[in-house]
$ cat my_file-v3.txt   # compact mmCIF, C-alpha atoms
# COMPACT_ATOMS: atom_id res chain seq x y z
CA MET A 785 107.66 -11.79 -7.30
CA ALA A 786 104.41 -10.19 -8.40
CA SER A 787 101.38 -10.99 -6.27
CA SER A 788 99.48 -12.66 -9.16
CA GLU A 789 102.47 -14.91 -9.82
CA ARG A 790 102.68 -15.79 -6.12
CA GLN A 791 98.99 -16.73 -6.10
CA PHE A 792 99.48 -18.84 -9.21
CA LYS A 793 102.39 -20.70 -7.63
CA LYS A 794 100.52 -21.23 -4.39
CA ARG A 795 97.97 -23.52 -6.02
CA LYS A 796 99.25 -26.90 -7.01
CA LEU A 797 98.34 -27.53 -10.63
CA PRO A 798 98.49 -31.03 -12.12
CA LEU A 799 101.99 -31.79 -13.40
CA ALA A 800 100.86 -32.23 -17.02
CA ARG A 801 99.26 -28.81 -17.02
CA ARG A 802 102.29 -27.19 -15.40
CA ARG A 803 104.60 -28.76 -18.01
CA SER A 804 102.41 -27.71 -20.93
CA GLY A 805 102.57 -24.09 -19.82
CA TRP A 806 98.82 -23.98 -19.19
CA ARG A 807 97.65 -20.86 -17.43
CA ARG A 808 94.39 -20.37 -15.63
CA PRO A 809 92.25 -17.99 -17.71
CA ALA A 810 91.98 -14.48 -16.32
CA THR A 811 88.88 -14.05 -14.22
CA ARG A 812 86.86 -11.05 -13.16
CA ARG A 813 84.75 -10.76 -10.06
CA THR A 814 81.19 -9.59 -10.63
CA THR A 815 77.72 -9.81 -9.09
CA VAL A 816 74.85 -11.34 -11.01
CA SER A 817 71.28 -12.15 -10.01
CA LEU A 818 70.19 -15.63 -11.04
CA PRO A 819 66.84 -17.38 -10.70
CA ALA A 820 66.92 -19.26 -7.38
CA HIS A 821 66.08 -22.65 -8.90
CA LEU A 822 68.92 -22.37 -11.44
CA LEU A 823 71.34 -21.39 -8.72
CA ARG A 824 70.27 -24.43 -6.65
CA GLN A 825 70.83 -26.72 -9.64
CA ALA A 826 74.25 -25.17 -10.25
CA GLU A 827 75.20 -25.64 -6.61
CA ARG A 828 74.12 -29.31 -6.72
CA LEU A 829 76.17 -29.81 -9.88
CA ALA A 830 79.17 -28.18 -8.23
CA VAL A 831 78.95 -30.57 -5.28
CA GLU A 832 78.54 -33.59 -7.56
CA ARG A 833 81.50 -32.61 -9.72
CA ARG A 834 83.62 -31.31 -6.84
CA GLN A 835 83.98 -28.01 -8.65
CA THR A 836 83.48 -24.46 -7.54
CA LEU A 837 80.19 -22.79 -8.32
CA SER A 838 82.06 -20.33 -10.54
CA SER A 839 83.59 -23.07 -12.71
CA VAL A 840 80.23 -24.81 -13.10
CA ILE A 841 78.55 -21.59 -14.26
CA ALA A 842 81.50 -20.69 -16.51
CA GLY A 843 81.42 -24.17 -18.08
CA GLN A 844 77.69 -23.95 -18.75
CA MET A 845 78.12 -20.51 -20.27
CA GLU A 846 80.92 -21.73 -22.54
CA GLU A 847 78.72 -24.56 -23.79
CA ALA A 848 75.81 -22.21 -24.41
CA PHE A 849 77.98 -19.78 -26.40
CA ARG A 850 79.46 -22.61 -28.47
CA ALA A 851 75.97 -23.89 -29.31
CA ARG A 852 74.66 -20.45 -30.31
CA PRO A 853 73.50 -20.57 -33.95
CA PRO A 854 75.41 -18.30 -36.33
CA ILE A 855 73.74 -15.03 -37.28
CA PRO A 856 71.59 -15.83 -40.34
CA ASP A 857 72.91 -14.42 -43.59
CA ARG A 858 69.92 -12.13 -44.19
CA ALA A 859 71.82 -9.76 -46.46
CA GLY A 860 73.31 -12.60 -48.54
CA ARG A 861 69.82 -13.91 -49.30
CA LEU A 862 68.64 -10.43 -50.17
CA LEU A 863 71.55 -9.96 -52.57
CA GLU A 864 70.67 -13.26 -54.26
CA LEU A 865 67.09 -12.07 -54.82
CA TRP A 866 68.31 -8.74 -56.14
CA LYS A 867 70.77 -10.46 -58.47
CA ARG A 868 67.97 -12.70 -59.75
CA ALA A 869 65.76 -9.65 -60.29
CA TYR A 870 68.46 -7.91 -62.38
CA SER A 871 70.48 -10.64 -64.05
CA HIS A 872 68.12 -11.23 -67.00
CA LEU A 873 67.63 -7.58 -67.86
CA THR A 874 69.06 -6.05 -71.02
CA GLU A 875 71.11 -2.87 -70.68
CA GLU A 876 68.12 -0.72 -71.59
CA GLU A 877 65.79 -2.59 -69.22
CA ALA A 878 68.33 -2.24 -66.41
CA MET A 879 68.37 1.52 -66.95
CA LEU A 880 64.58 1.61 -66.81
CA VAL A 881 64.63 -0.29 -63.52
CA ASP A 882 67.22 2.21 -62.25
CA GLY A 883 64.76 5.01 -63.02
CA ILE A 884 66.44 6.18 -66.25
CA ILE A 885 63.97 6.28 -69.14
CA LEU A 886 65.61 6.63 -72.53
CA SER A 887 63.52 7.29 -75.64
CA ASP A 888 64.03 8.20 -79.30
CA PRO A 889 64.93 11.91 -79.53
CA ALA A 890 61.70 12.65 -81.46
CA THR A 891 59.57 11.09 -78.71
CA ALA A 892 61.67 12.67 -75.97
CA GLY A 893 61.07 16.13 -77.43
CA GLU A 894 64.77 16.89 -77.92
CA MET B 1181 86.54 1.61 -45.63
CA THR B 1182 83.03 2.22 -44.38
CA ASP B 1183 82.54 0.31 -41.15
CA PRO B 1184 79.70 -2.19 -41.83
CA THR B 1185 78.84 -2.15 -38.14
CA ALA B 1186 78.19 1.62 -38.22
CA GLY B 1187 74.75 1.14 -39.82
CA PRO B 1188 71.92 1.40 -40.41
CA PHE B 1189 72.26 3.22 -43.71
CA LEU B 1190 69.72 4.11 -46.39
CA PHE B 1191 70.53 2.58 -49.79
CA ASP B 1192 69.30 4.60 -52.76
CA THR B 1193 68.20 3.10 -56.09
CA SER B 1194 71.63 3.44 -57.71
CA ALA B 1195 73.43 1.87 -54.74
CA ALA B 1196 71.10 -1.13 -54.60
CA SER B 1197 71.62 -1.67 -58.36
CA TYR B 1198 75.38 -1.42 -58.01
CA LEU B 1199 75.46 -4.02 -55.24
CA ALA B 1200 73.04 -6.34 -57.05
CA ARG B 1201 75.24 -6.33 -60.19
CA SER B 1202 78.62 -6.31 -58.50
CA ALA B 1203 80.76 -9.39 -59.03
CA GLU B 1204 83.22 -8.29 -56.33
CA SER B 1205 83.36 -10.70 -53.41
CA ALA B 1206 84.42 -7.77 -51.20
CA ASP B 1207 81.09 -6.06 -51.93
CA ARG B 1208 79.24 -9.21 -50.96
CA GLN B 1209 81.28 -9.63 -47.78
CA TRP B 1210 80.66 -6.02 -46.83
CA VAL B 1211 76.90 -6.38 -47.33
CA GLN B 1212 76.86 -9.63 -45.34
CA GLY B 1213 78.77 -8.00 -42.50
CA TYR B 1214 76.43 -5.05 -42.61
CA GLY B 1215 73.29 -7.20 -42.78
CA ALA B 1216 74.33 -9.23 -39.74
CA ARG B 1217 73.79 -6.15 -37.59
CA SER B 1218 71.55 -3.70 -39.43
CA PHE B 1219 68.54 -3.58 -41.69
CA ILE B 1220 69.04 -2.74 -45.34
CA CYS B 1221 66.92 0.41 -45.39
CA ILE B 1222 65.46 1.62 -48.66
CA SER B 1223 63.04 4.42 -49.42
CA VAL B 1224 59.57 3.72 -50.72
CA VAL B 1225 60.63 6.03 -53.58
CA THR B 1226 63.11 3.38 -54.69
CA VAL B 1227 60.25 0.86 -54.79
CA LEU B 1228 58.30 3.26 -57.01
CA GLU B 1229 61.25 3.75 -59.40
CA ARG B 1230 61.85 0.00 -59.62
CA VAL B 1231 58.23 -0.99 -60.17
CA ARG B 1232 57.77 1.74 -62.78
CA GLY B 1233 60.94 0.49 -64.49
CA TYR B 1234 59.74 -3.13 -64.59
CA ALA B 1235 56.34 -1.98 -65.91
CA LEU B 1236 57.96 0.04 -68.70
CA ALA B 1237 60.34 -2.81 -69.53
CA TRP B 1238 57.36 -5.17 -69.74
CA GLU B 1239 55.51 -2.77 -72.07
CA ARG B 1240 58.54 -2.40 -74.37
CA ALA B 1241 59.41 -6.12 -74.39
CA ASP B 1242 58.42 -8.68 -77.03
CA PRO B 1243 55.44 -10.76 -75.88
CA SER B 1244 57.75 -13.81 -75.59
CA ARG B 1245 60.02 -11.95 -73.18
CA ARG B 1246 57.31 -10.50 -70.98
CA PRO B 1247 56.99 -13.50 -68.59
CA GLN B 1248 60.70 -13.19 -67.74
CA VAL B 1249 60.38 -9.45 -67.02
CA ASN B 1250 57.35 -10.18 -64.89
CA GLN B 1251 59.26 -12.88 -62.97
CA ASP B 1252 62.10 -10.40 -62.37
CA ARG B 1253 59.57 -7.94 -60.99
CA LEU B 1254 58.15 -10.60 -58.68
CA ASP B 1255 61.66 -11.48 -57.46
CA TYR B 1256 62.25 -7.84 -56.69
CA LEU B 1257 58.96 -7.56 -54.79
CA ALA B 1258 59.81 -10.75 -52.87
CA SER B 1259 63.10 -9.15 -51.79
CA LEU B 1260 61.11 -6.43 -50.03
CA GLU B 1261 59.53 -9.09 -47.81
CA GLU B 1262 62.91 -10.33 -46.57
CA PRO B 1263 63.41 -9.95 -42.81
CA GLY B 1264 66.59 -7.92 -43.28
CA VAL B 1265 64.88 -5.19 -45.32
CA LYS B 1266 63.14 -2.12 -44.00
CA VAL B 1267 61.23 0.11 -46.44
CA LEU B 1268 60.96 3.67 -45.13
CA ALA B 1269 57.71 5.44 -45.96
CA LEU B 1270 57.12 9.10 -46.75
CA SER B 1271 55.21 11.28 -44.34
CA VAL B 1272 54.69 14.97 -43.64
CA ALA B 1273 58.21 15.38 -42.21
CA GLU B 1274 59.87 14.10 -45.40
CA MET B 1275 57.61 16.27 -47.56
CA VAL B 1276 58.52 19.40 -45.58
CA VAL B 1277 62.23 18.75 -46.19
CA ALA B 1278 61.68 17.72 -49.82
CA GLY B 1279 59.64 20.84 -50.50
CA GLN B 1280 62.52 23.03 -49.31
CA LEU B 1281 64.99 21.05 -51.41
CA MET B 1282 62.82 21.32 -54.53
CA ALA B 1283 62.45 25.07 -54.04
CA LEU B 1284 66.22 25.50 -53.65
CA TRP B 1285 67.06 23.26 -56.62
CA PRO B 1286 64.14 23.27 -59.06
CA THR B 1287 66.27 21.89 -61.87
CA PRO B 1288 68.62 18.89 -61.90
CA PRO B 1289 72.34 19.63 -61.56
CA SER B 1290 73.36 17.44 -64.49
CA PRO B 1291 71.99 17.04 -68.04
CA PRO B 1292 69.66 14.22 -69.18
CA ARG B 1293 71.35 10.86 -69.79
CA ARG B 1294 72.14 9.70 -73.33
CA SER B 1295 72.94 6.28 -74.73
CA HIS B 1296 73.69 5.66 -78.41
CA ARG B 1297 70.79 7.31 -80.22
CA ARG B 1298 68.44 7.39 -77.25
CA VAL B 1299 68.01 10.21 -74.82
CA GLU B 1300 66.32 10.93 -71.51
CA SER B 1301 63.61 13.59 -71.91
CA ARG B 1302 63.77 16.73 -69.77
CA GLN B 1303 60.58 15.65 -67.97
CA ASP B 1304 62.03 12.24 -67.14
CA ARG B 1305 65.29 13.81 -65.94
CA LEU B 1306 63.28 16.19 -63.75
CA SER B 1307 61.21 13.37 -62.26
CA ARG B 1308 64.41 11.39 -61.54
CA TRP B 1309 65.87 14.46 -59.82
CA ARG B 1310 62.75 14.79 -57.71
CA PHE B 1311 62.93 11.13 -56.75
CA ASP B 1312 66.52 11.76 -55.61
CA ILE B 1313 65.31 14.70 -53.52
CA LEU B 1314 62.62 12.54 -51.89
CA THR B 1315 65.22 9.87 -51.12
CA ALA B 1316 67.58 12.47 -49.62
CA ALA B 1317 64.69 13.85 -47.53
CA THR B 1318 63.98 10.33 -46.25
CA ALA B 1319 67.63 9.92 -45.20
CA LEU B 1320 67.65 13.35 -43.53
CA VAL B 1321 64.47 12.80 -41.52
CA ALA B 1322 65.52 9.27 -40.49
CA GLY B 1323 69.00 10.55 -39.63
CA LEU B 1324 70.61 7.83 -41.74
CA PRO B 1325 73.70 8.15 -43.92
CA LEU B 1326 72.77 7.69 -47.59
CA VAL B 1327 74.65 5.08 -49.63
CA HIS B 1328 74.47 6.06 -53.31
CA ASN B 1329 76.12 5.81 -56.72
CA ASN B 1330 75.02 9.23 -57.94
CA PRO B 1331 77.56 11.74 -56.63
CA VAL B 1332 76.58 14.68 -58.86
CA ASP B 1333 72.97 14.82 -57.66
CA PHE B 1334 73.49 13.99 -54.01
CA GLU B 1335 76.65 16.07 -53.48
CA THR B 1336 74.73 19.07 -54.82
CA LEU B 1337 72.07 18.53 -52.18
CA ARG B 1338 74.61 17.88 -49.42
CA ALA B 1339 76.59 21.04 -50.16
CA GLY B 1340 73.42 23.13 -50.40
CA ILE B 1341 72.08 21.89 -47.06
CA GLU B 1342 75.43 22.77 -45.49
CA ARG B 1343 75.21 26.29 -46.94
CA SER B 1344 71.61 26.87 -45.78
CA PRO B 1345 71.11 24.84 -42.59
CA GLU B 1346 68.53 27.39 -41.36
CA ARG B 1347 66.15 26.10 -44.02
CA PHE B 1348 66.34 22.58 -42.61
CA PRO B 1349 65.77 22.94 -38.87
CA GLY B 1350 66.21 19.75 -36.90
CA VAL B 1351 67.68 17.72 -39.75
CA GLY B 1352 71.03 17.35 -41.44
CA PRO B 1353 73.74 17.27 -42.36
CA LEU B 1354 73.20 14.89 -45.25
CA ASN B 1355 75.86 12.21 -44.77
CA LEU B 1356 76.79 10.49 -48.01
CA ILE B 1357 78.64 7.24 -48.66
CA LEU B 1358 79.64 6.40 -52.22
CA VAL B 1359 78.78 2.73 -52.76
CA LYS B 1360 82.03 2.19 -54.70
CA ARG B 1361 84.00 3.19 -51.61
CA LEU B 1362 82.44 0.81 -49.10
CA TRP B 1363 85.76 -0.97 -48.95
CA PRO B 1364 89.25 0.15 -50.06
CA VAL B 1365 90.09 -0.60 -53.69
CA PRO B 1366 93.57 -2.18 -53.92
CA ALA B 1367 96.13 0.12 -55.59
$ encode --input "my_file-v3.txt" --output "structure tokens"
Amino acid sequence: MASSERQFKKRKLPLARRRSGWRRPATRRTTVSLPAHLLRQAERLAVERRQTLSSVIAGQMEEAFRARPPIPDRAGRLLELWKRAYSHLTEEEAMLVDGIILSDPATAGE
Amino acid sequence: MTDPTAGPFLFDTSAASYLARSAESADRQWVQGYGARSFICISVVTVLERVRGYALAWERADPSRRPQVNQDRLDYLASLEEPGVKVLALSVAEMVVAGQLMALWPTPPSPPRRSHRRVESRQDRLSRWRFDILTAATALVAGLPLVHNNPVDFETLRAGIERSPERFPGVGPLNLILVKRLWPVPA
């Protein structure tokens, strides 16, 4: 039996979770520096909820990421303005705005 | 497909027009994906070409049509104030590169444009070519790939810079992206 599987079996998961095939998400150990007052609050919360400090911090992070506003559609708005700036132009006007100046051959010196 | 996350890119006048007029949802999606991570960079030369174009269109328009042309011009100018847009200015560095390019290619690589019975004068074709050179110089100095819809002009410059890199110390190559190939066209 692989060591990770052994560890998983060692901990008693609630029956409903075991039956549903739920698996604890993979975790990674790391070191972070947190402001002391936030860490104290997290520790208090962990005691109140009877959770580990890691699960309290992970839960708070999950909530924060869910609440993050989507990236504003800056380019979509720009395209709308560009479309508005071009949509009324005739073919000849559009060429002028593209930098192509067409004239009568006599005027153009051809 | 051109990776929209690989920006920023410089969009030349022809590329911006293509995207503004495109009805393809894939074009829009590509630009939105690009704009989520990078500025839409344009050269101040593009602003000059556009504003000159609106001014000429206004002069040639019937008096009843002029307010609409003016509104279009204002919409264009408003687009330059958008937070996702960055207008790149010209400075000595761009002029040094552009001067070399103009000396190497004093005349445009393709003939003046024609449409029905109207024609582009040689002077206007030359000025358009020089605007392209200034835009290419902006991309080279900024180190940005250039998105365009004008392969004849820009490929000429790209190939020439590759042949004579000693004339462009510290810049290049000119990386080009054809705006029509931002995403794969279904077969």
$ interface_residues --input "my_file-v3.txt" --of "chain A" --to "chain B" --cutoff "8 Å" --atoms "only C-alpha atoms" --output "ChimeraX atom specification"
/A:855-860,862-873,877,879-889,892-894
$ residues_near_point --input "my_file-v3.txt" --point "(76.4, 16.2, -49.5)" --cutoff "7 Å" --atoms "all atoms listed in the file" --output "PyMOL selection string"
chain B and resi 1334-1339+1354-1356
$ residues_around --input "my_file-v3.txt" --residues "Gly1352 in chain B" --least-positions-apart "2" --cutoff "12 Å" --atoms "all atoms listed in the file" --output "number ranges by chain"
B: 1277, 1316-1326, 1337-1350, 1354-1356
$ atom_distance --input "my_file-v3.txt" --atom1 "CA of Phe1191 in chain B" --atom2 "CA of His1328 in chain B"
6.3 Å
$ atom_distance --input "my_file-v3.txt" --atom1 "CA of Leu1270 in chain B" --atom2 "CA of Pro1184 in chain B"
25.7 Å
$ residues_around --input "my_file-v3.txt" --residues "Pro1289 in chain B" --least-positions-apart "4" --cutoff "9 Å" --atoms "only C-alpha atoms" --output "PyMOL selection string"
chain B and resi 1285+1309+1332-1333+1336
$ residues_around --input "my_file-v3.txt" --residues "Leu1190 in chain B" --least-positions-apart "6" --cutoff "6 Å" --atoms "all atoms listed in the file" --output "PyMOL selection string"
chain B and resi 1221-1222+1326-1327
$ write_last_selection --input "my_file-v3.txt" --atoms "C-alpha atoms" --output "PDB file, in the frame of the given file"
ATOM      1  CA  CYS B1221      66.920   0.410 -45.390  1.00  0.00           C
ATOM      2  CA  ILE B1222      65.460   1.620 -48.660  1.00  0.00           C
ATOM      3  CA  LEU B1326      72.770   7.690 -47.590  1.00  0.00           C
ATOM      4  CA  VAL B1327      74.650   5.080 -49.630  1.00  0.00           C
TER       5      VAL B1327
END
$ atom_distance --input "my_file-v3.txt" --atom1 "CA of Thr1182 in chain B" --atom2 "CA of Glu1204 in chain B"
15.9 Å
$ closest_residue --input "my_file-v3.txt" --among "B:Met1181, B:Val1224, B:Ala1206, B:Leu1358" --to "Pro1331 in chain B" --atoms "all atoms listed in the file"
B:Leu1358
$ axis_aligned_box --input "my_file-v3.txt" --around "range 879-882 of chain A" --padding-each-side "5 Å" --output "AutoDock Vina command-line options"
--center_x 66.5 --center_y 1.0 --center_z -64.6 --size_x 13.8 --size_y 12.5 --size_z 14.7
